[in-house]
Amino acid sequence: MNFNPLQSIAIFCRRRPWLSATVFGFILLTFVPVWPYTPKCGPFPGKDIDLDGPMSVDYHTSLKTHFGRYGVYYWDIGGVILLRLFPFMDGDELTPQSIGIFTANNDAAWALASKHYIGTYVRQELNGRIYQVPGYIEALRNPKTGKFDSGSCKFMVPVVTGKPVNPPQIVK
């Protein structure tokens, strides 16, 4: 008696096409990253705002490094970061995927907003150079405390996009 598993699967798929498509779709969405990642800003998960638009190269590199640190599985295809749809597959033993994504998003921004960001801060060089915070990000610091308002999108937008929110006006 010869048992051919591929033939058995083909017979099953022909007899039950809807069930086969459902199982295939569930397996695809579980194991293959298909959801495009959008950076967010806000005080905590659930109350955040999507930051649509292109990410800067520095933020993109820092974000991927921090995703690796928190066990978030992703694919980077053509500059678009794709994540898995179902969160139960990702995250390390202590951090689920949703908290890992939120923390990686914030850590990547904080790393780029620190006074003198050296690539080894995240155990990897950032595009092969030492990164220094641009003046338009430094201008967002509170002059008394020297800290950023991390829950504010005024801080996250320039870090994520790599451009100032409102270009400074030159007054003559």
# chains A, B, ... in the order shown; residues from 1 in each chain; ligands from 1
$ closest_atom_pairs --of "range 21-110 of chain A" --to "range 131-143 of chain A" --cutoff "12 Å" --atoms "only C-alpha atoms" --output "tab-separated table"
residue	atom	partner	partner_atom	distance
A:Val57	CA	A:Tyr131	CA	11.8
A:Asp58	CA	A:Tyr131	CA	8.6
A:Tyr59	CA	A:Tyr131	CA	11.1
A:Thr61	CA	A:Tyr131	CA	11.9
A:Ser62	CA	A:Tyr131	CA	11.1
A:Ala109	CA	A:Ile137	CA	10.8
A:Trp110	CA	A:Val133	CA	10.6
$ residues_around --residues "Ala108 in chain A" --least-positions-apart "5" --cutoff "12 Å" --atoms "only C-alpha atoms" --output "ChimeraX atom specification"
/A:39-40,55-70,100-103,113-114,117,119,121-122,126,156,159-160
$ closest_residue --among "A:Val157, A:Leu112, A:Cys41, A:Val72" --to "Gln97 in chain A" --atoms "only C-alpha atoms"
A:Val72
$ residues_around --residues "range 30-38 of chain A" --least-positions-apart "5" --cutoff "10 Å" --atoms "only C-alpha atoms" --output "PyMOL selection string"
chain A and resi 24-25+49-55+73-77+80-90+101+105
$ write_last_selection --atoms "N, CA and C atoms" --output "compact mmCIF listing (two decimals), in the first residue's frame"
# COMPACT_ATOMS: atom_id res chain seq x y z
N PHE A 24 -5.51 27.61 4.41
CA PHE A 24 -4.36 28.21 3.75
C PHE A 24 -4.23 29.68 4.13
N GLY A 25 -5.34 30.42 4.14
CA GLY A 25 -5.32 31.84 4.51
C GLY A 25 -4.87 32.04 5.95
N ILE A 49 -1.49 58.05 17.60
CA ILE A 49 -1.82 58.62 16.29
C ILE A 49 -0.83 58.07 15.27
N ASP A 50 -1.34 57.66 14.12
CA ASP A 50 -0.48 57.16 13.05
C ASP A 50 0.30 58.30 12.42
N LEU A 51 1.59 58.04 12.16
CA LEU A 51 2.44 59.01 11.47
C LEU A 51 2.64 58.52 10.04
N ASP A 52 1.72 58.89 9.18
CA ASP A 52 1.79 58.45 7.78
C ASP A 52 2.89 59.21 7.06
N GLY A 53 3.38 58.60 6.01
CA GLY A 53 4.44 59.23 5.25
C GLY A 53 5.73 58.43 5.36
N PRO A 54 6.74 58.83 4.61
CA PRO A 54 7.99 58.06 4.61
C PRO A 54 8.78 58.25 5.90
N MET A 55 9.46 57.17 6.30
CA MET A 55 10.36 57.22 7.45
C MET A 55 11.74 57.61 6.98
N TYR A 73 9.06 39.81 14.73
CA TYR A 73 9.45 39.30 13.42
C TYR A 73 8.91 40.23 12.34
N TYR A 74 9.75 40.62 11.41
CA TYR A 74 9.36 41.55 10.35
C TYR A 74 10.10 41.20 9.07
N TRP A 75 9.58 41.70 7.97
CA TRP A 75 10.27 41.67 6.69
C TRP A 75 10.40 43.11 6.23
N ASP A 76 11.55 43.43 5.67
CA ASP A 76 11.77 44.75 5.09
C ASP A 76 11.85 44.57 3.58
N ILE A 77 10.80 44.97 2.89
CA ILE A 77 10.74 44.80 1.44
C ILE A 77 10.60 46.18 0.80
N VAL A 80 9.63 49.11 3.05
CA VAL A 80 8.38 48.96 3.79
C VAL A 80 8.56 47.81 4.79
N ILE A 81 8.29 48.10 6.05
CA ILE A 81 8.41 47.08 7.08
C ILE A 81 7.07 46.37 7.22
N LEU A 82 7.08 45.06 7.05
CA LEU A 82 5.86 44.25 7.16
C LEU A 82 5.91 43.44 8.44
N LEU A 83 4.79 43.39 9.16
CA LEU A 83 4.67 42.63 10.39
C LEU A 83 3.64 41.52 10.23
N ARG A 84 3.69 40.55 11.12
CA ARG A 84 2.68 39.50 11.11
C ARG A 84 1.35 40.06 11.60
N LEU A 85 0.27 39.50 11.07
CA LEU A 85 -1.06 40.00 11.42
C LEU A 85 -1.49 39.53 12.81
N PHE A 86 -1.22 38.29 13.14
CA PHE A 86 -1.63 37.75 14.43
C PHE A 86 -0.49 37.90 15.43
N PRO A 87 -0.74 38.54 16.56
CA PRO A 87 0.34 38.88 17.48
C PRO A 87 0.86 37.74 18.35
N PHE A 88 0.17 36.61 18.41
CA PHE A 88 0.60 35.57 19.33
C PHE A 88 1.89 34.88 18.90
N MET A 89 2.35 35.12 17.68
CA MET A 89 3.56 34.46 17.20
C MET A 89 4.83 35.22 17.55
N ASP A 90 4.72 36.50 17.86
CA ASP A 90 5.89 37.34 18.06
C ASP A 90 6.07 37.72 19.52
N ILE A 101 6.21 46.16 19.86
CA ILE A 101 6.16 47.14 18.76
C ILE A 101 6.12 48.56 19.33
N ASN A 105 9.16 51.23 18.84
CA ASN A 105 8.87 52.51 18.22
C ASN A 105 9.42 53.66 19.07
$ atom_distance --atom1 "CA of Leu28 in chain A" --atom2 "CA of Asn4 in chain A"
23.8 Å
$ atom_distance --atom1 "CA of Ala111 in chain A" --atom2 "CA of Gly78 in chain A"
23.7 Å
$ atom_distance --atom1 "CA of Phe26 in chain A" --atom2 "CA of Phe3 in chain A"
26.6 Å
